[in-house]
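Trainee: My structure is below; once you've seen it, I'll send some questions.
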2 protein chains.
Amino acid sequence: MAHIAIPEGLPGISGGFAFRPETAKPMRELAHILLHEPNSLAPGERELIATYVSSQNDCYFCQTSHGAAAAAHLGDDEIVKRVKADFQHADISDKLKALLVIAGKVQQGGKHVTAEDVQNARDLGASDLEIHDTVLIAAAFCMYNRYVDGLGTWQPRDESMYAAMGKHLATEGYRKPSTENVEVA
Amino acid sequence: MAHIAIPEGLPGISGGFAFRPETAKPMRELAHILLHEPNSLAPGERELIATYVSSQNDCYFCQTSHGAAAAAHLGDDEIVKRVKADFQHADISDKLKALLVIAGKVQQGGKHVTAEDVQNARDLGASDLEIHDTVLIAAAFCMYNRYVDGLGTWQPRDESMYAAMGKHLATEGYRKPSTENVEVA
């Protein structure tokens, strides 16, 4: 049971969003811009960054839902598992590996990011906007993950639910609640 | 020097906001709702929560600017120092102490919050909305702090600048850029 009286049957962050629609709106908007709007980083790459950070923060709901969104974008489940377990040996670009190094440092704390980490990403082709968005995706998931776990939300273990949610998120983005979330209730 | 080419002379988060106005907008909006809009927790109490979490995350810009905002609201500098150093012995309500315990757990990671922490806050008069907002303020500052430090932003050591910024934030809130930030440049 969640720590506060959030509506029953809404998994993960959707419970918090339903409890407080005022704060849900900018939180959804930020995720939509960072993960779904056009960007030189593909949506699947950005979802991999979100999934990796959520995995490092041990947030089951976020790593599973965003992992499903990444898999829906990339058409590949295995790459998501590999990025979480050992991204340096995953079949992703060297640029994305360098951005994941930065994301992992941000997850530990912003001061962990070094000029060398940033230069390495730049040498591999990352733009300042891509570096900025990587830092902010990682920072934002340190918020979303803590929100989901800090409220003690319901996080069902139902792979088919997350697969449906991932497809919905990959198609529609984050501005509006997913109907799949509600059907699960 | 910041890790990316953010405009010169803008301290802390205002540099990141100027670099990427699209993401600045929902980030400002979230801070405004959580810290400035009417709430049963006073703005000074909410700024103390933001300051405490920023202090635990060792973010100089955020703990100093929000500490100044708290001091402006409360008319008291000393209480801010005391909350950062040892809030259990600060001259604040027992309810706020219980909420700061929750905020400190969220800073470490959402799963650290226990049912007992929440029950204790409730026994001391905290509502579900106050508990929700405490969790989200703490989670959100784990984002803002990482954003500010992860970009390597300029964080001047100028107490009078932060005092002016704190007064502006306490009066105007977070929706619009502070002109004080720009005058410092």
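Ordered as shown in the structure tokens, chains take letters A, B, and onward, while each chain numbers its residues from 1 and ligands are numbered from 1 in the order shown.
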Please report, as a tab-separated table, each residue of chain B lying at most 8 Å from chain A, together with the nearest pair of atoms and the separation in Å rounded to one decimal; use only C-alpha atoms, and order rows by chain and ascending residue number.
Mentor:
```
residue	atom	partner	partner_atom	distance
B:His3	CA	A:Ala115	CA	6.3
B:Ile4	CA	A:Asp128	CA	5.6
B:Ala5	CA	A:Asp128	CA	7.0
B:Glu22	CA	A:Ile33	CA	7.5
B:Thr23	CA	A:Leu30	CA	6.1
B:Pro26	CA	A:Pro26	CA	4.6
B:Met27	CA	A:Pro26	CA	7.0
B:Glu29	CA	A:Pro26	CA	6.4
B:Leu30	CA	A:Pro26	CA	5.8
B:Ile33	CA	A:Thr23	CA	6.9
B:Leu34	CA	A:Thr23	CA	7.7
B:Asn57	CA	A:Gly109	CA	7.4
B:Val106	CA	A:Gly150	CA	6.0
B:Gln107	CA	A:Arg146	CA	7.9
B:Gly109	CA	A:Arg146	CA	5.9
B:Gly110	CA	A:Gly150	CA	3.8
B:Lys111	CA	A:Asp149	CA	5.4
B:His112	CA	A:Gly150	CA	7.4
B:Val113	CA	A:Gly150	CA	5.8
B:Ala115	CA	A:His3	CA	6.3
B:Val118	CA	A:His3	CA	6.7
B:Asp128	CA	A:Ile4	CA	5.6
B:Ile131	CA	A:Ile4	CA	7.6
B:His132	CA	A:Leu151	CA	7.1
B:Val135	CA	A:Gly150	CA	6.3
B:Leu136	CA	A:Tyr147	CA	5.9
B:Ala139	CA	A:Met143	CA	4.4
B:Ala140	CA	A:Met143	CA	5.1
B:Phe141	CA	A:Met143	CA	7.6
B:Cys142	CA	A:Met143	CA	5.9
B:Met143	CA	A:Ala139	CA	4.4
B:Tyr144	CA	A:Ala139	CA	7.2
B:Asn145	CA	A:Gly110	CA	7.1
B:Arg146	CA	A:Gly110	CA	4.2
B:Tyr147	CA	A:Ala139	CA	5.9
B:Val148	CA	A:Gly110	CA	7.3
B:Asp149	CA	A:Gly110	CA	4.5
B:Gly150	CA	A:Gly110	CA	3.8
B:Leu151	CA	A:Val135	CA	7.1
B:Gly152	CA	A:Lys111	CA	7.6
```
Trainee: If DSSP is run on the backbone, what residues of range 61-120 of chain A are helix (DSSP H, G or I)? A reply as a PyMOL selection string would be ideal.
Mentor: chain A and resi 61-74+78-89+94-108+110-112+115-120
Trainee: Find the residues around Ser55 in chain A up to 10 Å (only C-alpha atoms counted), leave out those fewer than 4 positions away in its own chain, and share them as an NGL selection string.
Mentor: :A and (49-51 or 59-64 or 67 or 83-85 or 145)
Trainee: Convert the current residue selection to file output with C-alpha atoms, as a PDB file, in the first residue's frame.
Mentor:
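Final output, out04.pdb:
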```
ATOM      1  CA  ILE A  49      19.506   6.781 -20.797  1.00  0.00           C
ATOM      2  CA  ALA A  50      16.315   7.042 -18.695  1.00  0.00           C
ATOM      3  CA  THR A  51      16.220   3.255 -18.243  1.00  0.00           C
ATOM      4  CA  CYS A  59      13.357   1.886  -9.384  1.00  0.00           C
ATOM      5  CA  TYR A  60      11.423  -1.115 -10.701  1.00  0.00           C
ATOM      6  CA  PHE A  61       8.518   0.797 -12.234  1.00  0.00           C
ATOM      7  CA  CYS A  62      10.621   3.366 -14.111  1.00  0.00           C
ATOM      8  CA  GLN A  63      13.296   1.002 -15.409  1.00  0.00           C
ATOM      9  CA  THR A  64      10.621  -1.433 -16.627  1.00  0.00           C
ATOM     10  CA  GLY A  67      12.888  -0.076 -20.789  1.00  0.00           C
ATOM     11  CA  VAL A  83      22.591  -1.562 -21.414  1.00  0.00           C
ATOM     12  CA  LYS A  84      21.399  -2.073 -17.835  1.00  0.00           C
ATOM     13  CA  ALA A  85      23.892  -4.875 -17.157  1.00  0.00           C
ATOM     14  CA  ASN A 145      12.539   7.514  -9.409  1.00  0.00           C
TER      15      ASN A 145
END
```
Trainee: Quick one: residues within 10 Å of His66 in chain A, only C-alpha atoms, excluding same-chain residues fewer than 4 positions away - as number ranges by chain?
Mentor: A: 35, 44, 46-52, 54, 61-62, 70-72, 80, 162-163, 165-167, 169-170
